[in-house]
$ cat run22.cif   # mmCIF, C-alpha atoms and all ligand atoms
data_target
#
loop_
_atom_site.group_PDB
_atom_site.id
_atom_site.type_symbol
_atom_site.label_atom_id
_atom_site.label_comp_id
_atom_site.auth_asym_id
_atom_site.auth_seq_id
_atom_site.Cartn_x
_atom_site.Cartn_y
_atom_site.Cartn_z
ATOM 1 C CA MET A 1 6.260 -27.828 -7.341
ATOM 2 C CA SER A 2 2.525 -27.697 -7.857
ATOM 3 C CA GLU A 3 -0.034 -25.796 -9.928
ATOM 4 C CA ALA A 4 0.369 -22.846 -7.536
ATOM 5 C CA VAL A 5 3.462 -21.846 -9.510
ATOM 6 C CA SER A 6 1.466 -20.642 -12.482
ATOM 7 C CA SER A 7 -0.641 -18.197 -10.474
ATOM 8 C CA GLY A 8 2.192 -15.858 -9.498
ATOM 9 C CA VAL A 9 3.051 -14.349 -6.160
ATOM 10 C CA ALA A 10 0.540 -12.623 -3.907
ATOM 11 C CA ALA A 11 1.077 -9.115 -2.567
ATOM 12 C CA VAL A 12 -0.142 -6.709 0.037
ATOM 13 C CA PHE A 13 -0.421 -3.238 -1.498
ATOM 14 C CA LEU A 14 0.016 -0.434 0.997
ATOM 15 C CA ASP A 15 -0.908 3.200 0.729
ATOM 16 C CA ARG A 16 1.768 5.505 2.213
ATOM 17 C CA ASP A 17 0.318 8.485 4.111
ATOM 18 C CA GLY A 18 -2.041 7.380 6.866
ATOM 19 C CA THR A 19 -1.229 3.708 6.289
ATOM 20 C CA LEU A 20 2.546 3.214 6.563
ATOM 21 C CA ILE A 21 3.467 6.627 7.929
ATOM 22 C CA VAL A 22 1.788 9.503 9.728
ATOM 23 C CA ASP A 23 -0.097 11.680 7.224
ATOM 24 C CA LYS A 24 1.496 15.135 7.404
ATOM 25 C CA GLY A 25 -0.135 16.642 4.337
ATOM 26 C CA TYR A 26 2.317 17.453 1.583
ATOM 27 C CA LEU A 27 5.320 16.103 3.451
ATOM 28 C CA ARG A 28 8.595 17.332 1.997
ATOM 29 C CA ASP A 29 11.456 16.843 4.467
ATOM 30 C CA PRO A 30 12.492 13.159 4.758
ATOM 31 C CA ALA A 31 13.141 13.780 8.474
ATOM 32 C CA GLU A 32 9.371 14.188 8.956
ATOM 33 C CA ILE A 33 8.722 10.567 8.018
ATOM 34 C CA GLU A 34 7.264 8.751 11.002
ATOM 35 C CA LEU A 35 6.112 5.134 10.845
ATOM 36 C CA LEU A 36 2.675 4.483 12.312
ATOM 37 C CA PRO A 37 2.593 2.427 15.515
ATOM 38 C CA GLY A 38 2.534 -1.355 15.233
ATOM 39 C CA VAL A 39 2.965 -1.389 11.479
ATOM 40 C CA VAL A 40 6.464 -2.808 11.021
ATOM 41 C CA GLU A 41 5.978 -5.811 13.309
ATOM 42 C CA ARG A 42 2.902 -6.818 11.355
ATOM 43 C CA LEU A 43 4.530 -6.209 7.974
ATOM 44 C CA ARG A 44 7.390 -8.450 9.041
ATOM 45 C CA ARG A 45 4.914 -11.266 9.771
ATOM 46 C CA ILE A 46 3.057 -10.759 6.483
ATOM 47 C CA GLN A 47 6.363 -10.757 4.608
ATOM 48 C CA ALA A 48 7.419 -13.979 6.358
ATOM 49 C CA ARG A 49 4.296 -15.624 4.962
ATOM 50 C CA GLY A 50 5.608 -15.053 1.447
ATOM 51 C CA TYR A 51 3.667 -11.944 0.443
ATOM 52 C CA LEU A 52 5.355 -9.146 -1.484
ATOM 53 C CA LEU A 53 4.883 -5.728 0.088
ATOM 54 C CA VAL A 54 4.229 -2.993 -2.459
ATOM 55 C CA MET A 55 3.667 0.656 -1.636
ATOM 56 C CA VAL A 56 1.285 2.579 -3.933
ATOM 57 C CA THR A 57 0.991 6.305 -3.288
ATOM 58 C CA ASN A 58 -0.561 9.378 -4.897
ATOM 59 C CA GLN A 59 1.947 12.230 -4.715
ATOM 60 C CA SER A 60 0.272 15.087 -6.526
ATOM 61 C CA GLY A 61 2.537 17.490 -4.608
ATOM 62 C CA ILE A 62 4.970 16.838 -7.471
ATOM 63 C CA GLY A 63 2.467 17.855 -10.156
ATOM 64 C CA ARG A 64 1.422 20.840 -8.057
ATOM 65 C CA GLY A 65 5.051 21.970 -7.731
ATOM 66 C CA TYR A 66 5.182 21.657 -3.914
ATOM 67 C CA PHE A 67 8.166 19.316 -4.101
ATOM 68 C CA THR A 68 10.194 17.542 -6.759
ATOM 69 C CA GLU A 69 10.681 13.985 -7.888
ATOM 70 C CA GLU A 70 14.132 14.178 -6.227
ATOM 71 C CA ASP A 71 12.536 15.245 -2.933
ATOM 72 C CA LEU A 72 10.227 12.240 -3.147
ATOM 73 C CA GLN A 73 13.114 9.876 -3.847
ATOM 74 C CA ALA A 74 14.910 11.254 -0.782
ATOM 75 C CA GLN A 75 11.774 10.634 1.308
ATOM 76 C CA HIS A 76 11.511 7.104 0.019
ATOM 77 C CA ALA A 77 15.184 6.368 0.611
ATOM 78 C CA ARG A 78 14.644 7.294 4.257
ATOM 79 C CA LEU A 79 11.458 5.247 4.442
ATOM 80 C CA ARG A 80 13.293 2.225 3.001
ATOM 81 C CA LEU A 81 15.997 2.687 5.612
ATOM 82 C CA LEU A 82 13.525 2.893 8.511
ATOM 83 C CA LEU A 83 11.741 -0.219 7.272
ATOM 84 C CA ALA A 84 15.003 -2.092 6.663
ATOM 85 C CA GLU A 85 16.071 -1.382 10.246
ATOM 86 C CA ALA A 86 12.921 -3.266 11.271
ATOM 87 C CA GLY A 87 13.541 -6.101 8.800
ATOM 88 C CA VAL A 88 10.871 -5.038 6.308
ATOM 89 C CA VAL A 89 11.555 -4.792 2.567
ATOM 90 C CA LEU A 90 9.221 -3.201 0.044
ATOM 91 C CA ALA A 91 9.346 -5.043 -3.288
ATOM 92 C CA ALA A 92 8.318 -1.813 -5.009
ATOM 93 C CA MET A 93 7.389 1.776 -4.249
ATOM 94 C CA GLU A 94 5.043 3.017 -6.961
ATOM 95 C CA HIS A 95 3.889 6.629 -7.023
ATOM 96 C CA CYS A 96 1.634 8.806 -9.128
ATOM 97 C CA PRO A 97 3.006 12.361 -9.526
ATOM 98 C CA HIS A 98 -0.054 13.733 -11.341
ATOM 99 C CA GLN A 99 -2.850 16.095 -10.404
ATOM 100 C CA PRO A 100 -6.498 15.034 -10.761
ATOM 101 C CA GLU A 101 -6.950 17.192 -13.887
ATOM 102 C CA ASP A 102 -4.119 15.326 -15.648
ATOM 103 C CA ARG A 103 -6.566 12.415 -16.058
ATOM 104 C CA CYS A 104 -3.761 9.865 -15.825
ATOM 105 C CA SER A 105 -4.376 6.147 -15.408
ATOM 106 C CA CYS A 106 -2.257 5.810 -12.257
ATOM 107 C CA ARG A 107 -3.789 8.198 -9.706
ATOM 108 C CA LYS A 108 -5.891 6.219 -7.252
ATOM 109 C CA PRO A 109 -8.874 5.484 -7.404
ATOM 110 C CA LYS A 110 -7.566 4.233 -10.762
ATOM 111 C CA PRO A 111 -5.750 0.898 -10.409
ATOM 112 C CA GLY A 112 -2.726 1.835 -12.585
ATOM 113 C CA LEU A 113 -0.107 1.730 -9.825
ATOM 114 C CA LEU A 114 -1.226 -1.742 -8.739
ATOM 115 C CA LEU A 115 -1.422 -3.008 -12.315
ATOM 116 C CA ARG A 116 2.069 -1.695 -13.098
ATOM 117 C CA ALA A 117 3.566 -3.443 -10.075
ATOM 118 C CA ALA A 118 1.631 -6.618 -10.837
ATOM 119 C CA GLU A 119 3.042 -6.739 -14.342
ATOM 120 C CA ARG A 120 6.612 -6.076 -13.228
ATOM 121 C CA HIS A 121 6.571 -8.558 -10.371
ATOM 122 C CA GLY A 122 4.208 -11.249 -11.611
ATOM 123 C CA ILE A 123 1.649 -10.566 -8.887
ATOM 124 C CA ASP A 124 -1.610 -12.515 -8.741
ATOM 125 C CA LEU A 125 -4.043 -9.676 -7.958
ATOM 126 C CA ALA A 126 -6.939 -11.973 -7.019
ATOM 127 C CA ARG A 127 -4.874 -13.343 -4.128
ATOM 128 C CA SER A 128 -3.655 -9.907 -3.082
ATOM 129 C CA TYR A 129 -4.794 -7.204 -0.660
ATOM 130 C CA MET A 130 -4.971 -3.416 -0.712
ATOM 131 C CA VAL A 131 -4.679 -1.492 2.565
ATOM 132 C CA GLY A 132 -5.400 2.233 2.702
ATOM 133 C CA ASP A 133 -7.054 5.045 4.609
ATOM 134 C CA LYS A 134 -9.097 6.605 1.797
ATOM 135 C CA PRO A 135 -12.058 5.373 -0.228
ATOM 136 C CA SER A 136 -9.851 5.953 -3.294
ATOM 137 C CA ASP A 137 -7.490 3.255 -1.974
ATOM 138 C CA VAL A 138 -10.390 0.832 -1.677
ATOM 139 C CA ASP A 139 -11.648 1.716 -5.139
ATOM 140 C CA ALA A 140 -8.182 1.222 -6.664
ATOM 141 C CA GLY A 141 -7.755 -2.126 -4.912
ATOM 142 C CA ALA A 142 -11.208 -3.329 -5.910
ATOM 143 C CA ALA A 143 -10.688 -2.210 -9.520
ATOM 144 C CA ALA A 144 -7.474 -4.250 -9.591
ATOM 145 C CA GLY A 145 -9.340 -7.293 -8.260
ATOM 146 C CA CYS A 146 -7.799 -7.310 -4.781
ATOM 147 C CA LYS A 147 -9.422 -7.735 -1.381
ATOM 148 C CA THR A 148 -9.542 -4.414 0.409
ATOM 149 C CA VAL A 149 -9.331 -3.034 3.920
ATOM 150 C CA LEU A 150 -10.043 0.587 4.818
ATOM 151 C CA ILE A 151 -8.543 2.356 7.818
ATOM 152 C CA ALA A 152 -11.297 4.677 9.008
ATOM 153 C CA ASP A 153 -12.130 6.642 12.136
ATOM 154 C CA ASP A 154 -15.794 6.657 11.224
ATOM 155 C CA PRO A 155 -16.798 3.135 10.218
ATOM 156 C CA ILE A 156 -20.474 4.023 9.847
ATOM 157 C CA GLU A 157 -19.800 6.658 7.224
ATOM 158 C CA GLU A 158 -16.916 4.849 5.526
ATOM 159 C CA GLY A 159 -18.720 1.520 5.731
ATOM 160 C CA GLN A 160 -20.822 2.636 2.790
ATOM 161 C CA LYS A 161 -17.819 1.980 0.600
ATOM 162 C CA LEU A 162 -17.070 -1.375 -0.878
ATOM 163 C CA ALA A 163 -14.190 -2.361 1.389
ATOM 164 C CA ASP A 164 -14.074 -6.000 2.461
ATOM 165 C CA HIS A 165 -13.181 -4.828 5.947
ATOM 166 C CA ILE A 166 -13.028 -1.580 7.957
ATOM 167 C CA ALA A 167 -10.354 -1.142 10.631
ATOM 168 C CA SER A 168 -9.820 1.637 13.164
ATOM 169 C CA SER A 169 -6.037 1.834 12.733
ATOM 170 C CA ALA A 170 -3.241 0.782 10.407
ATOM 171 C CA ALA A 171 -2.175 -1.909 12.878
ATOM 172 C CA ALA A 172 -5.750 -3.240 13.073
ATOM 173 C CA ALA A 173 -5.979 -3.298 9.280
ATOM 174 C CA LEU A 174 -2.829 -5.407 9.068
ATOM 175 C CA ASP A 175 -4.183 -7.682 11.828
ATOM 176 C CA TRP A 176 -7.147 -8.357 9.543
ATOM 177 C CA VAL A 177 -4.799 -9.217 6.673
ATOM 178 C CA LEU A 178 -2.962 -11.592 9.020
ATOM 179 C CA GLU A 179 -6.278 -13.222 9.999
ATOM 180 C CA GLU A 180 -7.199 -13.632 6.347
ATOM 181 C CA THR A 181 -3.931 -15.095 5.169
ATOM 182 C CA GLU A 182 -1.937 -18.181 5.847
ATOM 183 C CA SER A 183 1.621 -18.787 4.897
ATOM 184 C CA ILE A 184 2.048 -19.233 1.172
ATOM 185 C CA VAL A 185 5.676 -20.211 1.593
ATOM 186 C CA GLY A 186 6.306 -23.876 0.853
ATOM 187 C CA THR A 187 5.924 -26.046 3.964
HETATM 188 MG MG MG N 201 -3.473 7.741 2.628
#

$ encode --input "run22.cif" --output "structure tokens" --more "lines below"
Ligand SMILES: [Mg+2]
Amino acid sequence: MSEAVSSGVAAVFLDRDGTLIVDKGYLRDPAEIELLPGVVERLRRIQARGYLLVMVTNQSGIGRGYFTEEDLQAQHARLRLLLAEAGVVLAAMEHCPHQPEDRCSCRKPKPGLLLRAAERHGIDLARSYMVGDKPSDVDAGAAAGCKTVLIADDPIEEGQKLADHIASSAAAALDWVLEETESIVGT
């Protein structure tokens, strides 16, 4: 074993709505969960390179009373199942239940969800990536010290943000991560 051991494992942090699954607003029914095209194949390849996959999602629908923590857990159980059927395992699913006015430290653009997962799983943030479809995802990833990729329909407008890369779809964003990374599994 080499000095790489001390630096922890690297991760790819993934937003949920608009990144892993189709954004349906304040989704409530687990049956509405629909994976975005091309995502699982790419996640499988990233995972095979030794990266942890960690979902980080703002779910203020809980704080707003649109659905409950139990509803969210039911959604995430179904999401885990759909991913598992494709051979993809999330190391963690972190969510923020708060509303903006709660001024918590976990709602993106704050980096709290990423920092919490990093502490629990020994993640080296400087070698990690954040993938999301909102500037707040990019801001959270950058604040945590990760490289960032933004999924955006309008790259000219969104390109003003500090993302390391802009991609036109979730699949294209993960292709960029695959271009950037090599296997970190022992050879
Ligand atoms: Mg999103």

$ resolve_selection --input "run22.cif" --expression "the PyMOL selection byres (((not hetatm)) within 8 of (chain N and resi 201))" --output "ChimeraX atom specification"
/A:15-19,23,57,132-134,137

$ closest_residue --input "run22.cif" --among "A:Trp176, A:Tyr66, A:Tyr129, A:Tyr51" --to "Ala142 in chain A" --atoms "only C-alpha atoms"
A:Tyr129

$ closest_atom_pairs --input "run22.cif" --of "range 18-72 of chain A" --to "range 113-121 of chain A" --cutoff "12 Å" --atoms "all atoms listed in the file" --output "Markdown table"
| residue | atom | partner | partner_atom | distance |
| --- | --- | --- | --- | --- |
| A:Tyr51 | CA | A:His121 | CA | 11.7 |
| A:Leu52 | CA | A:His121 | CA | 9.0 |
| A:Leu53 | CA | A:Ala117 | CA | 10.5 |
| A:Val54 | CA | A:Ala117 | CA | 7.7 |
| A:Met55 | CA | A:Leu114 | CA | 9.0 |
| A:Val56 | CA | A:Leu113 | CA | 6.1 |
| A:Thr57 | CA | A:Leu113 | CA | 8.1 |
| A:Asn58 | CA | A:Leu113 | CA | 9.1 |
| A:Gln59 | CA | A:Leu113 | CA | 11.9 |

$ atom_distance --input "run22.cif" --atom1 "CA of Gln99 in chain A" --atom2 "CA of Val12 in chain A"
25.2 Å

$ residues_near_point --input "run22.cif" --point "(16.5, 8.4, 1.7)" --cutoff "8 Å" --atoms "all atoms listed in the file" --output "PyMOL selection string"
chain A and resi 30+73-81

$ atom_distance --input "run22.cif" --atom1 "CA of Ala163 in chain A" --atom2 "CA of Leu36 in chain A"
21.2 Å

$ atom_distance --input "run22.cif" --atom1 "CA of Gly8 in chain A" --atom2 "CA of Leu83 in chain A"
24.8 Å

$ closest_residue --input "run22.cif" --among "A:Pro135, A:Gly61, A:Gly38, A:Gly25" --to "His98 in chain A" --atoms "all atoms listed in the file"
A:Gly61

$ resolve_selection --input "run22.cif" --expression "the PyMOL selection byres (((chain A and resi 47) around 12) and not hetatm)" --output "MDAnalysis selection string"
chainID A and resid 9:13 40:46 48:54 86:91 174 177:178 181:185

$ decode --input "run22.cif" --residues "range 22-64 of chain A" --atoms "N, CA and C atoms" --output "tab-separated table (two decimals), in the first residue's frame"
chain	number	residue	atom	x	y	z
A	22	VAL	N	-35.78	12.23	-13.26
A	22	VAL	CA	-36.53	13.32	-13.89
A	22	VAL	C	-37.09	14.23	-12.79
A	23	ASP	N	-36.90	15.54	-12.97
A	23	ASP	CA	-37.38	16.52	-11.98
A	23	ASP	C	-38.88	16.70	-12.16
A	24	LYS	N	-39.66	16.25	-11.18
A	24	LYS	CA	-41.12	16.38	-11.27
A	24	LYS	C	-41.65	17.34	-10.22
A	25	GLY	N	-40.86	18.32	-9.84
A	25	GLY	CA	-41.31	19.26	-8.82
A	25	GLY	C	-41.26	18.58	-7.46
A	26	TYR	N	-42.25	18.81	-6.66
A	26	TYR	CA	-42.27	18.19	-5.33
A	26	TYR	C	-42.83	16.78	-5.44
A	27	LEU	N	-42.01	15.89	-5.98
A	27	LEU	CA	-42.41	14.50	-6.17
A	27	LEU	C	-42.81	13.88	-4.83
A	28	ARG	N	-43.90	13.14	-4.81
A	28	ARG	CA	-44.31	12.50	-3.57
A	28	ARG	C	-44.40	10.98	-3.72
A	29	ASP	N	-45.09	10.53	-4.77
A	29	ASP	CA	-45.33	9.10	-4.95
A	29	ASP	C	-44.06	8.41	-5.47
A	30	PRO	N	-43.55	7.40	-4.76
A	30	PRO	CA	-42.34	6.70	-5.22
A	30	PRO	C	-42.48	6.16	-6.65
A	31	ALA	N	-43.71	5.85	-7.07
A	31	ALA	CA	-43.93	5.31	-8.41
A	31	ALA	C	-43.58	6.32	-9.50
A	32	GLU	N	-43.49	7.61	-9.12
A	32	GLU	CA	-43.17	8.65	-10.12
A	32	GLU	C	-41.67	8.75	-10.40
A	33	ILE	N	-40.88	8.02	-9.62
A	33	ILE	CA	-39.42	8.11	-9.81
A	33	ILE	C	-39.03	7.49	-11.14
A	34	GLU	N	-38.29	8.27	-11.92
A	34	GLU	CA	-37.92	7.85	-13.27
A	34	GLU	C	-36.46	8.24	-13.50
A	35	LEU	N	-35.61	7.25	-13.65
A	35	LEU	CA	-34.18	7.53	-13.87
A	35	LEU	C	-33.98	8.25	-15.19
A	36	LEU	N	-33.06	9.18	-15.24
A	36	LEU	CA	-32.77	9.89	-16.48
A	36	LEU	C	-31.98	8.98	-17.43
A	37	PRO	N	-32.16	9.18	-18.73
A	37	PRO	CA	-31.54	8.27	-19.70
A	37	PRO	C	-30.01	8.29	-19.63
A	38	GLY	N	-29.44	7.10	-19.72
A	38	GLY	CA	-27.98	6.97	-19.82
A	38	GLY	C	-27.24	7.11	-18.52
A	39	VAL	N	-27.96	7.35	-17.43
A	39	VAL	CA	-27.28	7.64	-16.17
A	39	VAL	C	-26.71	6.37	-15.52
A	40	VAL	N	-27.51	5.31	-15.45
A	40	VAL	CA	-27.03	4.15	-14.68
A	40	VAL	C	-25.81	3.48	-15.31
A	41	GLU	N	-25.76	3.41	-16.63
A	41	GLU	CA	-24.60	2.78	-17.27
A	41	GLU	C	-23.32	3.53	-16.89
A	42	ARG	N	-23.42	4.85	-16.90
A	42	ARG	CA	-22.24	5.66	-16.60
A	42	ARG	C	-21.88	5.57	-15.11
A	43	LEU	N	-22.89	5.55	-14.25
A	43	LEU	CA	-22.61	5.42	-12.82
A	43	LEU	C	-21.92	4.09	-12.53
A	44	ARG	N	-22.34	3.06	-13.24
A	44	ARG	CA	-21.72	1.74	-13.05
A	44	ARG	C	-20.22	1.81	-13.38
A	45	ARG	N	-19.89	2.52	-14.45
A	45	ARG	CA	-18.47	2.64	-14.86
A	45	ARG	C	-17.69	3.48	-13.85
A	46	ILE	N	-18.29	4.56	-13.36
A	46	ILE	CA	-17.62	5.40	-12.37
A	46	ILE	C	-17.38	4.62	-11.09
A	47	GLN	N	-18.39	3.87	-10.68
A	47	GLN	CA	-18.30	3.03	-9.49
A	47	GLN	C	-17.19	1.98	-9.64
A	48	ALA	N	-17.08	1.40	-10.83
A	48	ALA	CA	-16.07	0.37	-11.07
A	48	ALA	C	-14.66	0.95	-10.98
A	49	ARG	N	-14.54	2.26	-11.13
A	49	ARG	CA	-13.23	2.89	-10.99
A	49	ARG	C	-12.85	3.14	-9.55
A	50	GLY	N	-13.75	2.83	-8.62
A	50	GLY	CA	-13.43	2.95	-7.20
A	50	GLY	C	-14.00	4.17	-6.52
A	51	TYR	N	-14.81	4.94	-7.23
A	51	TYR	CA	-15.43	6.13	-6.63
A	51	TYR	C	-16.69	5.75	-5.86
A	52	LEU	N	-16.87	6.36	-4.69
A	52	LEU	CA	-18.14	6.25	-3.98
A	52	LEU	C	-19.15	7.15	-4.68
A	53	LEU	N	-20.38	6.70	-4.75
A	53	LEU	CA	-21.47	7.52	-5.28
A	53	LEU	C	-22.33	7.99	-4.11
A	54	VAL	N	-22.49	9.30	-4.00
A	54	VAL	CA	-23.22	9.86	-2.86
A	54	VAL	C	-24.26	10.85	-3.38
A	55	MET	N	-25.51	10.60	-3.07
A	55	MET	CA	-26.57	11.52	-3.48
A	55	MET	C	-26.73	12.62	-2.42
A	56	VAL	N	-26.85	13.86	-2.87
A	56	VAL	CA	-27.06	15.00	-1.96
A	56	VAL	C	-28.22	15.83	-2.51
A	57	THR	N	-29.32	15.90	-1.74
A	57	THR	CA	-30.53	16.49	-2.30
A	57	THR	C	-31.24	17.41	-1.32
A	58	ASN	N	-31.63	18.58	-1.81
A	58	ASN	CA	-32.50	19.48	-1.04
A	58	ASN	C	-33.92	18.98	-1.16
A	59	GLN	N	-34.59	18.75	-0.04
A	59	GLN	CA	-35.98	18.31	-0.07
A	59	GLN	C	-36.81	19.18	0.87
A	60	SER	N	-36.95	20.44	0.47
A	60	SER	CA	-37.67	21.39	1.32
A	60	SER	C	-39.17	21.08	1.36
A	61	GLY	N	-39.63	20.19	0.49
A	61	GLY	CA	-41.04	19.76	0.54
A	61	GLY	C	-41.39	19.20	1.91
A	62	ILE	N	-40.38	18.67	2.61
A	62	ILE	CA	-40.62	18.19	3.98
A	62	ILE	C	-40.89	19.38	4.90
A	63	GLY	N	-39.99	20.36	4.88
A	63	GLY	CA	-40.16	21.54	5.73
A	63	GLY	C	-41.41	22.33	5.41
A	64	ARG	N	-41.81	22.27	4.13
A	64	ARG	CA	-43.01	23.00	3.70
A	64	ARG	C	-44.29	22.22	3.98
